[in-house]
file run-v4.txt (compact mmCIF, C-alpha atoms)
# COMPACT_ATOMS: atom_id res chain seq x y z
CA MET U 111 0.00 0.00 0.00
CA SER U 112 1.38 3.40 -0.88
CA PHE U 113 2.31 5.94 1.78
CA PHE U 114 -0.48 8.26 0.58
CA LYS U 115 -3.11 5.56 0.82
CA SER U 116 -1.89 4.54 4.31
CA ALA U 117 -1.93 8.15 5.47
CA ALA U 118 -5.38 8.73 4.00
CA THR U 119 -6.70 5.64 5.75
CA ALA U 120 -5.26 6.73 9.09
CA VAL U 121 -6.71 10.22 8.70
CA ALA U 122 -10.09 8.76 7.77
CA ALA U 123 -10.07 6.41 10.77
CA ILE U 124 -9.23 9.25 13.14
CA ALA U 125 -11.80 11.54 11.53
CA ILE U 126 -14.63 9.05 11.92
CA LEU U 127 -13.73 8.42 15.54
CA ALA U 128 -13.70 12.16 16.24
CA THR U 129 -17.00 12.82 14.47
CA PRO U 130 -19.92 13.39 16.84
CA THR U 131 -22.50 10.67 16.63
CA VAL U 132 -25.86 11.46 15.10
CA ALA U 133 -28.88 9.44 16.08
CA GLN U 134 -29.67 7.88 12.72
CA ALA U 135 -30.93 4.50 13.80
CA GLY U 136 -32.89 3.15 16.71
CA PRO U 137 -31.53 0.79 19.34
CA ASN U 138 -32.61 -2.31 17.40
CA GLU U 139 -30.85 -1.18 14.22
CA ASP U 140 -27.75 -0.22 16.21
CA ALA U 141 -27.70 -3.62 17.92
CA GLU U 142 -27.85 -5.42 14.58
CA ALA U 143 -25.23 -3.10 13.07
CA LEU U 144 -22.86 -3.70 15.98
CA ARG U 145 -23.30 -7.46 15.66
CA LYS U 146 -22.62 -7.22 11.92
CA LEU U 147 -19.56 -4.99 12.49
CA ASP U 148 -18.15 -7.55 14.91
CA ILE U 149 -18.73 -10.41 12.47
CA MET U 150 -17.29 -8.44 9.54
CA LEU U 151 -14.12 -7.63 11.46
CA MET U 152 -13.77 -11.22 12.66
CA VAL U 153 -14.27 -12.70 9.18
CA THR U 154 -11.96 -10.24 7.44
CA SER U 155 -9.30 -10.70 10.14
CA LEU U 156 -9.39 -14.43 9.43
CA ARG U 157 -9.15 -13.77 5.71
CA CYS U 158 -6.16 -11.45 6.17
CA ARG U 159 -4.28 -13.64 8.68
CA LYS U 160 -1.78 -15.06 6.17
CA GLY U 161 -0.44 -11.77 4.85
CA SER U 162 1.67 -8.92 6.15
CA ASP U 163 -1.50 -7.10 7.24
CA ASN U 164 -2.64 -9.81 9.65
CA PHE U 165 -4.89 -8.04 12.14
CA GLN U 166 -6.22 -10.92 14.21
CA ALA U 167 -4.49 -9.54 17.32
CA ASP U 168 -6.07 -6.14 16.63
CA TYR U 169 -9.48 -7.76 16.24
CA GLN U 170 -9.02 -9.62 19.54
CA THR U 171 -8.09 -6.33 21.22
CA PHE U 172 -11.14 -4.66 19.64
CA SER U 173 -13.39 -7.49 20.81
CA ALA U 174 -11.98 -7.39 24.35
CA SER U 175 -12.11 -3.57 24.52
CA HIS U 176 -15.76 -3.49 23.54
CA LEU U 177 -16.91 -6.79 25.03
CA THR U 178 -19.62 -5.23 27.18
CA THR U 179 -20.99 -3.13 24.31
CA LEU U 180 -20.90 -6.03 21.84
CA ASN U 181 -22.54 -8.43 24.31
CA THR U 182 -25.24 -5.89 25.18
CA ALA U 183 -25.96 -5.36 21.47
CA SER U 184 -26.11 -9.11 20.88
CA ARG U 185 -28.54 -9.63 23.77
CA SER U 186 -30.66 -6.69 22.61
CA LEU U 187 -30.77 -8.03 19.06
CA GLN U 188 -31.70 -11.49 20.29
CA ALA U 189 -34.43 -10.14 22.59
CA ASN U 190 -35.92 -8.11 19.74
CA LEU U 191 -35.89 -11.13 17.44
CA VAL U 192 -37.54 -13.29 20.12
CA LYS U 193 -40.33 -10.69 20.44
CA ARG U 194 -40.86 -10.70 16.67
CA ALA U 195 -40.36 -14.36 15.81
CA GLY U 196 -40.32 -16.43 19.01
CA ALA U 197 -37.34 -18.33 20.39
CA ALA U 198 -36.92 -20.74 17.45
CA GLY U 199 -37.44 -17.96 14.89
CA ALA U 200 -34.91 -15.75 16.70
CA LYS U 201 -32.26 -18.48 16.60
CA LYS U 202 -32.81 -18.96 12.86
CA ALA U 203 -32.70 -15.20 12.25
CA LEU U 204 -29.44 -14.85 14.21
CA ASP U 205 -27.95 -17.75 12.27
CA ARG U 206 -29.01 -16.09 8.99
CA ILE U 207 -27.38 -12.82 10.05
CA SER U 208 -24.13 -14.55 11.05
CA VAL U 209 -23.91 -16.80 8.00
CA GLY U 210 -24.91 -13.95 5.69
CA MET U 211 -22.16 -11.72 7.07
CA ALA U 212 -19.58 -14.52 6.86
CA ASN U 213 -20.55 -15.18 3.25
CA GLU U 214 -20.60 -11.48 2.36
CA TYR U 215 -17.13 -10.76 3.75
CA GLY U 216 -15.47 -14.15 3.21
CA ASN U 217 -13.96 -12.84 -0.01
CA GLY U 218 -12.96 -9.54 1.56
CA HIS U 219 -14.42 -6.14 2.18
CA PRO U 220 -15.92 -4.46 -0.91
CA TRP U 221 -13.74 -1.36 -0.72
CA LEU U 222 -11.16 -1.81 2.05
CA GLY U 223 -8.06 -3.96 1.93
CA CYS U 224 -6.40 -5.83 4.79
CA GLY U 225 -4.04 -2.96 5.63
CA GLU U 226 -6.86 -0.46 5.88
CA LEU U 227 -8.99 -2.84 7.94
CA LYS U 228 -6.03 -3.41 10.25
CA GLN U 229 -5.63 0.34 10.86
CA ILE U 230 -9.37 0.82 11.35
CA THR U 231 -9.65 -2.13 13.74
CA ARG U 232 -6.70 -0.83 15.75
CA SER U 233 -8.31 2.63 15.92
CA LEU U 234 -11.66 1.21 16.98
CA ALA U 235 -9.98 -0.95 19.64
CA ALA U 236 -8.26 2.11 21.11
CA ASP U 237 -11.42 4.24 21.07
CA LYS U 238 -13.18 3.78 24.41
CA ASN U 239 -16.32 5.64 23.28
CA ALA U 240 -18.79 2.85 22.55
CA ALA U 241 -21.12 5.28 20.76
CA HIS U 242 -18.56 5.58 17.96
CA LEU U 243 -19.05 1.91 17.08
CA ALA U 244 -22.54 2.49 15.67
CA VAL U 245 -21.21 5.29 13.44
CA ALA U 246 -18.29 3.11 12.33
CA ALA U 247 -20.67 0.21 11.63
CA ASP U 248 -22.88 2.41 9.47
CA GLU U 249 -19.91 3.54 7.41
CA LEU U 250 -17.92 0.30 7.24
CA LEU U 251 -20.88 -1.94 6.37
CA SER U 252 -21.89 0.20 3.41
CA LYS U 253 -21.28 -1.23 -0.05
CA ARG U 254 -19.06 1.68 -1.08
CA PRO U 255 -17.16 4.44 0.71
CA ARG U 256 -19.25 7.27 2.09
CA GLY U 257 -18.58 10.27 4.27
CA GLN U 258 -15.40 10.07 6.30
CA TRP U 259 -14.38 6.67 4.88
CA ALA U 260 -14.40 7.86 1.28
CA MET U 261 -10.84 9.11 1.90
CA ALA U 262 -9.69 5.51 2.47
CA GLY U 263 -10.17 4.82 -1.20
CA THR U 264 -10.89 1.52 -2.80
CA ARG U 265 -8.84 -1.63 -3.16

call {"tool": "encode", "arguments": {"input": "run-v4.txt", "output": "structure tokens"}}
result
Amino acid sequence: MSFFKSAATAVAAIAILATPTVAQAGPNEDAEALRKLDIMLMVTSLRCRKGSDNFQADYQTFSASHLTTLNTASRSLQANLVKRAGAAGAKKALDRISVGMANEYGNGHPWLGCGELKQITRSLAADKNAAHLAVAADELLSKRPRGQWAMAGTR
């Protein structure tokens, strides 16, 4: 990755973390987005583990740093799904979400490479403001760069 692209990614990561959060989604949407962000980072960290941009340790740090937030989101998502579809329906819906995310990101992120994901994961792990995760999820789970992440470029 070129120096310019690395610098742009770092600036974009810092900018998104410094951006005030705007209430765009409700708690149920945030819970699902946080679950999907966690799965996306886990799957892409596994995909990138063989190269020079292995970020599995960064993902583990992210997961540990935000364990309470991620677990709360997971429980909230599950409770909402149980209300809508019952216990069996909730389990199937959670499985669909998890498998869908694994399939979607198993071949990589649509517009971020391993190096960029490594920098972003490291930044998210260091950011102790849990509210920033919902904003990051909204940006990182989009099909193409938007807002702050547009600076990171495409692969």

call {"tool": "residues_around", "arguments": {"input": "run-v4.txt", "residues": "Ala235 in chain U", "least_positions_apart": "5", "cutoff": "12 Å", "atoms": "all atoms listed in the file", "output": "list of chain:residue names"}}
result
U:Ala123, U:Leu127, U:Asp148, U:Leu151, U:Phe165, U:Gln166, U:Ala167, U:Asp168, U:Tyr169, U:Gln170, U:Thr171, U:Phe172, U:Ser173, U:Ala174, U:Ser175, U:His176, U:Leu177, U:Leu227, U:Lys228, U:Gln229, U:Ile230, U:Ala240, U:His242, U:Leu243, U:Ala246

call {"tool": "write_last_selection", "arguments": {"input": "run-v4.txt", "atoms": "C-alpha atoms", "output": "short mmCIF file (atom, residue, chain, number, x, y, z; two decimals), in the coordinates of the input"}}
result
data_model
loop_
_atom_site.label_atom_id
_atom_site.label_comp_id
_atom_site.auth_asym_id
_atom_site.auth_seq_id
_atom_site.Cartn_x
_atom_site.Cartn_y
_atom_site.Cartn_z
CA ALA U 123 -10.07 6.41 10.77
CA LEU U 127 -13.73 8.42 15.54
CA ASP U 148 -18.15 -7.55 14.91
CA LEU U 151 -14.12 -7.63 11.46
CA PHE U 165 -4.89 -8.04 12.14
CA GLN U 166 -6.22 -10.92 14.21
CA ALA U 167 -4.49 -9.54 17.32
CA ASP U 168 -6.07 -6.14 16.63
CA TYR U 169 -9.48 -7.76 16.24
CA GLN U 170 -9.02 -9.62 19.54
CA THR U 171 -8.09 -6.33 21.22
CA PHE U 172 -11.14 -4.66 19.64
CA SER U 173 -13.39 -7.49 20.81
CA ALA U 174 -11.98 -7.39 24.35
CA SER U 175 -12.11 -3.57 24.52
CA HIS U 176 -15.76 -3.49 23.54
CA LEU U 177 -16.91 -6.79 25.03
CA LEU U 227 -8.99 -2.84 7.94
CA LYS U 228 -6.03 -3.41 10.25
CA GLN U 229 -5.63 0.34 10.86
CA ILE U 230 -9.37 0.82 11.35
CA ALA U 240 -18.79 2.85 22.55
CA HIS U 242 -18.56 5.58 17.96
CA LEU U 243 -19.05 1.91 17.08
CA ALA U 246 -18.29 3.11 12.33
#

call {"tool": "closest_residue", "arguments": {"input": "run-v4.txt", "among": "U:Ser252, U:Thr231, U:Ser208, U:Thr154", "to": "Ser184 in chain U", "atoms": "only C-alpha atoms"}}
result
U:Ser208

call {"tool": "residues_around", "arguments": {"input": "run-v4.txt", "residues": "Asn190 in chain U", "least_positions_apart": "2", "cutoff": "10 Å", "atoms": "only C-alpha atoms", "output": "MDAnalysis selection string"}}
result
chainID U and resid 137:138 141:142 184:188 192:196 200

call {"tool": "write_last_selection", "arguments": {"input": "run-v4.txt", "atoms": "C-alpha atoms", "output": "mmCIF file, in the coordinates of the input"}}
result
data_model
loop_
_atom_site.group_PDB
_atom_site.id
_atom_site.type_symbol
_atom_site.label_atom_id
_atom_site.label_comp_id
_atom_site.auth_asym_id
_atom_site.auth_seq_id
_atom_site.Cartn_x
_atom_site.Cartn_y
_atom_site.Cartn_z
ATOM 1 C CA PRO U 137 -31.530 0.790 19.340
ATOM 2 C CA ASN U 138 -32.610 -2.310 17.400
ATOM 3 C CA ALA U 141 -27.700 -3.620 17.920
ATOM 4 C CA GLU U 142 -27.850 -5.420 14.580
ATOM 5 C CA SER U 184 -26.110 -9.110 20.880
ATOM 6 C CA ARG U 185 -28.540 -9.630 23.770
ATOM 7 C CA SER U 186 -30.660 -6.690 22.610
ATOM 8 C CA LEU U 187 -30.770 -8.030 19.060
ATOM 9 C CA GLN U 188 -31.700 -11.490 20.290
ATOM 10 C CA VAL U 192 -37.540 -13.290 20.120
ATOM 11 C CA LYS U 193 -40.330 -10.690 20.440
ATOM 12 C CA ARG U 194 -40.860 -10.700 16.670
ATOM 13 C CA ALA U 195 -40.360 -14.360 15.810
ATOM 14 C CA GLY U 196 -40.320 -16.430 19.010
ATOM 15 C CA ALA U 200 -34.910 -15.750 16.700
#

call {"tool": "atom_distance", "arguments": {"input": "run-v4.txt", "atom1": "CA of Tyr215 in chain U", "atom2": "CA of Asn181 in chain U"}}
result
21.4 Å

call {"tool": "residues_near_point", "arguments": {"input": "run-v4.txt", "point": "(-8.8, -4.2, 3.5)", "cutoff": "10 Å", "atoms": "all atoms listed in the file", "output": "list in words"}}
result
Thr154, Ser155, Arg157, Cys158, Asp163, Gly218, His219, Pro220, Trp221, Leu222, Gly223, Cys224, Gly225, Glu226, Leu227, Lys228, Gln229, Ile230, Ala262, Thr264 and Arg265 of chain U

call {"tool": "axis_aligned_box", "arguments": {"input": "run-v4.txt", "around": "range 155-174 of chain U", "padding_each_side": "4 Å", "output": "JSON"}}
result
{"center_x": -5.9, "center_y": -9.9, "center_z": 14.6, "size_x": 23.1, "size_y": 18.4, "size_z": 27.5}

call {"tool": "closest_residue", "arguments": {"input": "run-v4.txt", "among": "U:Gly161, U:Arg206, U:Gly199, U:Leu250", "to": "Leu234 in chain U", "atoms": "only C-alpha atoms"}}
result
U:Leu250

call {"tool": "closest_residue", "arguments": {"input": "run-v4.txt", "among": "U:Ala183, U:Leu144, U:Glu214, U:Asn164", "to": "Arg232 in chain U", "atoms": "all atoms listed in the file"}}
result
U:Asn164

call {"tool": "atom_distance", "arguments": {"input": "run-v4.txt", "atom1": "CA of Thr182 in chain U", "atom2": "CA of Ile207 in chain U"}}
result
16.8 Å

call {"tool": "atom_distance", "arguments": {"input": "run-v4.txt", "atom1": "CA of Glu249 in chain U", "atom2": "CA of Asp205 in chain U"}}
result
23.3 Å

call {"tool": "decode", "arguments": {"input": "run-v4.txt", "residues": "range 212-256 of chain U", "atoms": "N, CA and C atoms", "output": "PDB file, in the first residue's frame"}}
result
ATOM      1  N   ALA U 212     -20.775 -13.713   7.179  1.00  0.00           N
ATOM      2  CA  ALA U 212     -19.583 -14.515   6.865  1.00  0.00           C
ATOM      3  C   ALA U 212     -19.461 -14.715   5.358  1.00  0.00           C
ATOM      4  N   ASN U 213     -20.567 -15.003   4.711  1.00  0.00           N
ATOM      5  CA  ASN U 213     -20.547 -15.181   3.255  1.00  0.00           C
ATOM      6  C   ASN U 213     -20.226 -13.874   2.536  1.00  0.00           C
ATOM      7  N   GLU U 214     -20.798 -12.779   3.015  1.00  0.00           N
ATOM      8  CA  GLU U 214     -20.597 -11.484   2.360  1.00  0.00           C
ATOM      9  C   GLU U 214     -19.144 -11.021   2.429  1.00  0.00           C
ATOM     10  N   TYR U 215     -18.486 -11.269   3.563  1.00  0.00           N
ATOM     11  CA  TYR U 215     -17.131 -10.759   3.748  1.00  0.00           C
ATOM     12  C   TYR U 215     -16.058 -11.841   3.647  1.00  0.00           C
ATOM     13  N   GLY U 216     -16.441 -13.063   3.344  1.00  0.00           N
ATOM     14  CA  GLY U 216     -15.469 -14.146   3.214  1.00  0.00           C
ATOM     15  C   GLY U 216     -14.469 -13.905   2.096  1.00  0.00           C
ATOM     16  N   ASN U 217     -14.869 -13.167   1.086  1.00  0.00           N
ATOM     17  CA  ASN U 217     -13.960 -12.837  -0.014  1.00  0.00           C
ATOM     18  C   ASN U 217     -13.349 -11.459   0.139  1.00  0.00           C
ATOM     19  N   GLY U 218     -13.539 -10.855   1.298  1.00  0.00           N
ATOM     20  CA  GLY U 218     -12.957  -9.544   1.563  1.00  0.00           C
ATOM     21  C   GLY U 218     -14.006  -8.458   1.636  1.00  0.00           C
ATOM     22  N   HIS U 219     -13.562  -7.316   2.076  1.00  0.00           N
ATOM     23  CA  HIS U 219     -14.416  -6.136   2.181  1.00  0.00           C
ATOM     24  C   HIS U 219     -14.565  -5.531   0.788  1.00  0.00           C
ATOM     25  N   PRO U 220     -15.731  -4.968   0.456  1.00  0.00           N
ATOM     26  CA  PRO U 220     -15.916  -4.463  -0.913  1.00  0.00           C
ATOM     27  C   PRO U 220     -15.028  -3.287  -1.293  1.00  0.00           C
ATOM     28  N   TRP U 221     -14.543  -2.516  -0.343  1.00  0.00           N
ATOM     29  CA  TRP U 221     -13.744  -1.360  -0.717  1.00  0.00           C
ATOM     30  C   TRP U 221     -12.569  -1.071   0.220  1.00  0.00           C
ATOM     31  N   LEU U 222     -12.312  -1.961   1.165  1.00  0.00           N
ATOM     32  CA  LEU U 222     -11.165  -1.809   2.048  1.00  0.00           C
ATOM     33  C   LEU U 222     -10.289  -3.050   1.974  1.00  0.00           C
ATOM     34  N   GLY U 223      -8.995  -2.847   1.931  1.00  0.00           N
ATOM     35  CA  GLY U 223      -8.058  -3.960   1.935  1.00  0.00           C
ATOM     36  C   GLY U 223      -7.646  -4.318   3.355  1.00  0.00           C
ATOM     37  N   CYS U 224      -6.828  -5.334   3.479  1.00  0.00           N
ATOM     38  CA  CYS U 224      -6.397  -5.828   4.790  1.00  0.00           C
ATOM     39  C   CYS U 224      -5.649  -4.756   5.589  1.00  0.00           C
ATOM     40  N   GLY U 225      -4.791  -4.004   4.938  1.00  0.00           N
ATOM     41  CA  GLY U 225      -4.038  -2.964   5.629  1.00  0.00           C
ATOM     42  C   GLY U 225      -4.942  -1.887   6.201  1.00  0.00           C
ATOM     43  N   GLU U 226      -5.927  -1.489   5.418  1.00  0.00           N
ATOM     44  CA  GLU U 226      -6.863  -0.461   5.883  1.00  0.00           C
ATOM     45  C   GLU U 226      -7.728  -1.000   7.020  1.00  0.00           C
ATOM     46  N   LEU U 227      -8.191  -2.235   6.881  1.00  0.00           N
ATOM     47  CA  LEU U 227      -8.995  -2.840   7.942  1.00  0.00           C
ATOM     48  C   LEU U 227      -8.186  -2.991   9.227  1.00  0.00           C
ATOM     49  N   LYS U 228      -6.911  -3.290   9.087  1.00  0.00           N
ATOM     50  CA  LYS U 228      -6.031  -3.407  10.252  1.00  0.00           C
ATOM     51  C   LYS U 228      -5.956  -2.070  10.983  1.00  0.00           C
ATOM     52  N   GLN U 229      -5.727  -0.988  10.244  1.00  0.00           N
ATOM     53  CA  GLN U 229      -5.633   0.341  10.859  1.00  0.00           C
ATOM     54  C   GLN U 229      -6.958   0.734  11.505  1.00  0.00           C
ATOM     55  N   ILE U 230      -8.048   0.466  10.832  1.00  0.00           N
ATOM     56  CA  ILE U 230      -9.368   0.822  11.352  1.00  0.00           C
ATOM     57  C   ILE U 230      -9.672   0.019  12.608  1.00  0.00           C
ATOM     58  N   THR U 231      -9.389  -1.276  12.580  1.00  0.00           N
ATOM     59  CA  THR U 231      -9.651  -2.129  13.739  1.00  0.00           C
ATOM     60  C   THR U 231      -8.820  -1.667  14.926  1.00  0.00           C
ATOM     61  N   ARG U 232      -7.570  -1.331  14.680  1.00  0.00           N
ATOM     62  CA  ARG U 232      -6.697  -0.827  15.751  1.00  0.00           C
ATOM     63  C   ARG U 232      -7.256   0.474  16.326  1.00  0.00           C
ATOM     64  N   SER U 233      -7.727   1.366  15.463  1.00  0.00           N
ATOM     65  CA  SER U 233      -8.309   2.633  15.924  1.00  0.00           C
ATOM     66  C   SER U 233      -9.575   2.401  16.736  1.00  0.00           C
ATOM     67  N   LEU U 234     -10.426   1.508  16.253  1.00  0.00           N
ATOM     68  CA  LEU U 234     -11.659   1.207  16.982  1.00  0.00           C
ATOM     69  C   LEU U 234     -11.365   0.547  18.328  1.00  0.00           C
ATOM     70  N   ALA U 235     -10.342  -0.297  18.379  1.00  0.00           N
ATOM     71  CA  ALA U 235      -9.977  -0.951  19.639  1.00  0.00           C
ATOM     72  C   ALA U 235      -9.504   0.076  20.666  1.00  0.00           C
ATOM     73  N   ALA U 236      -8.795   1.095  20.203  1.00  0.00           N
ATOM     74  CA  ALA U 236      -8.261   2.112  21.110  1.00  0.00           C
ATOM     75  C   ALA U 236      -9.310   3.126  21.544  1.00  0.00           C
ATOM     76  N   ASP U 237     -10.369   3.268  20.770  1.00  0.00           N
ATOM     77  CA  ASP U 237     -11.416   4.242  21.073  1.00  0.00           C
ATOM     78  C   ASP U 237     -12.334   3.661  22.141  1.00  0.00           C
ATOM     79  N   LYS U 238     -12.373   4.291  23.296  1.00  0.00           N
ATOM     80  CA  LYS U 238     -13.185   3.777  24.410  1.00  0.00           C
ATOM     81  C   LYS U 238     -14.626   4.277  24.363  1.00  0.00           C
ATOM     82  N   ASN U 239     -14.957   5.125  23.397  1.00  0.00           N
ATOM     83  CA  ASN U 239     -16.323   5.641  23.285  1.00  0.00           C
ATOM     84  C   ASN U 239     -17.161   4.647  22.481  1.00  0.00           C
ATOM     85  N   ALA U 240     -17.979   3.896  23.191  1.00  0.00           N
ATOM     86  CA  ALA U 240     -18.786   2.853  22.554  1.00  0.00           C
ATOM     87  C   ALA U 240     -19.766   3.431  21.531  1.00  0.00           C
ATOM     88  N   ALA U 241     -20.171   4.672  21.699  1.00  0.00           N
ATOM     89  CA  ALA U 241     -21.115   5.285  20.755  1.00  0.00           C
ATOM     90  C   ALA U 241     -20.517   5.402  19.362  1.00  0.00           C
ATOM     91  N   HIS U 242     -19.206   5.471  19.266  1.00  0.00           N
ATOM     92  CA  HIS U 242     -18.559   5.582  17.957  1.00  0.00           C
ATOM     93  C   HIS U 242     -18.692   4.295  17.144  1.00  0.00           C
ATOM     94  N   LEU U 243     -18.936   3.180  17.813  1.00  0.00           N
ATOM     95  CA  LEU U 243     -19.051   1.912  17.084  1.00  0.00           C
ATOM     96  C   LEU U 243     -20.240   1.902  16.134  1.00  0.00           C
ATOM     97  N   ALA U 244     -21.361   2.469  16.546  1.00  0.00           N
ATOM     98  CA  ALA U 244     -22.538   2.494  15.670  1.00  0.00           C
ATOM     99  C   ALA U 244     -22.268   3.330  14.422  1.00  0.00           C
ATOM    100  N   VAL U 245     -21.563   4.442  14.586  1.00  0.00           N
ATOM    101  CA  VAL U 245     -21.211   5.288  13.440  1.00  0.00           C
ATOM    102  C   VAL U 245     -20.251   4.528  12.521  1.00  0.00           C
ATOM    103  N   ALA U 246     -19.252   3.889  13.117  1.00  0.00           N
ATOM    104  CA  ALA U 246     -18.293   3.113  12.329  1.00  0.00           C
ATOM    105  C   ALA U 246     -19.000   1.982  11.592  1.00  0.00           C
ATOM    106  N   ALA U 247     -19.929   1.304  12.270  1.00  0.00           N
ATOM    107  CA  ALA U 247     -20.669   0.208  11.635  1.00  0.00           C
ATOM    108  C   ALA U 247     -21.437   0.721  10.427  1.00  0.00           C
ATOM    109  N   ASP U 248     -22.106   1.845  10.578  1.00  0.00           N
ATOM    110  CA  ASP U 248     -22.883   2.411   9.473  1.00  0.00           C
ATOM    111  C   ASP U 248     -21.991   2.682   8.265  1.00  0.00           C
ATOM    112  N   GLU U 249     -20.829   3.231   8.504  1.00  0.00           N
ATOM    113  CA  GLU U 249     -19.911   3.545   7.414  1.00  0.00           C
ATOM    114  C   GLU U 249     -19.263   2.289   6.829  1.00  0.00           C
ATOM    115  N   LEU U 250     -18.717   1.437   7.696  1.00  0.00           N
ATOM    116  CA  LEU U 250     -17.925   0.295   7.236  1.00  0.00           C
ATOM    117  C   LEU U 250     -18.755  -0.805   6.593  1.00  0.00           C
ATOM    118  N   LEU U 251     -20.025  -0.894   6.946  1.00  0.00           N
ATOM    119  CA  LEU U 251     -20.875  -1.936   6.375  1.00  0.00           C
ATOM    120  C   LEU U 251     -21.555  -1.491   5.085  1.00  0.00           C
ATOM    121  N   SER U 252     -21.310  -0.258   4.665  1.00  0.00           N
ATOM    122  CA  SER U 252     -21.890   0.205   3.405  1.00  0.00           C
ATOM    123  C   SER U 252     -21.166  -0.467   2.239  1.00  0.00           C
ATOM    124  N   LYS U 253     -21.835  -0.541   1.124  1.00  0.00           N
ATOM    125  CA  LYS U 253     -21.284  -1.228  -0.053  1.00  0.00           C
ATOM    126  C   LYS U 253     -20.171  -0.448  -0.738  1.00  0.00           C
ATOM    127  N   ARG U 254     -20.123   0.857  -0.500  1.00  0.00           N
ATOM    128  CA  ARG U 254     -19.056   1.681  -1.075  1.00  0.00           C
ATOM    129  C   ARG U 254     -18.742   2.800  -0.095  1.00  0.00           C
ATOM    130  N   PRO U 255     -17.566   3.405  -0.234  1.00  0.00           N
ATOM    131  CA  PRO U 255     -17.165   4.444   0.714  1.00  0.00           C
ATOM    132  C   PRO U 255     -18.136   5.615   0.720  1.00  0.00           C
ATOM    133  N   ARG U 256     -18.404   6.089   1.919  1.00  0.00           N
ATOM    134  CA  ARG U 256     -19.247   7.270   2.093  1.00  0.00           C
ATOM    135  C   ARG U 256     -18.606   8.138   3.153  1.00  0.00           C
TER     136      ARG U 256
END
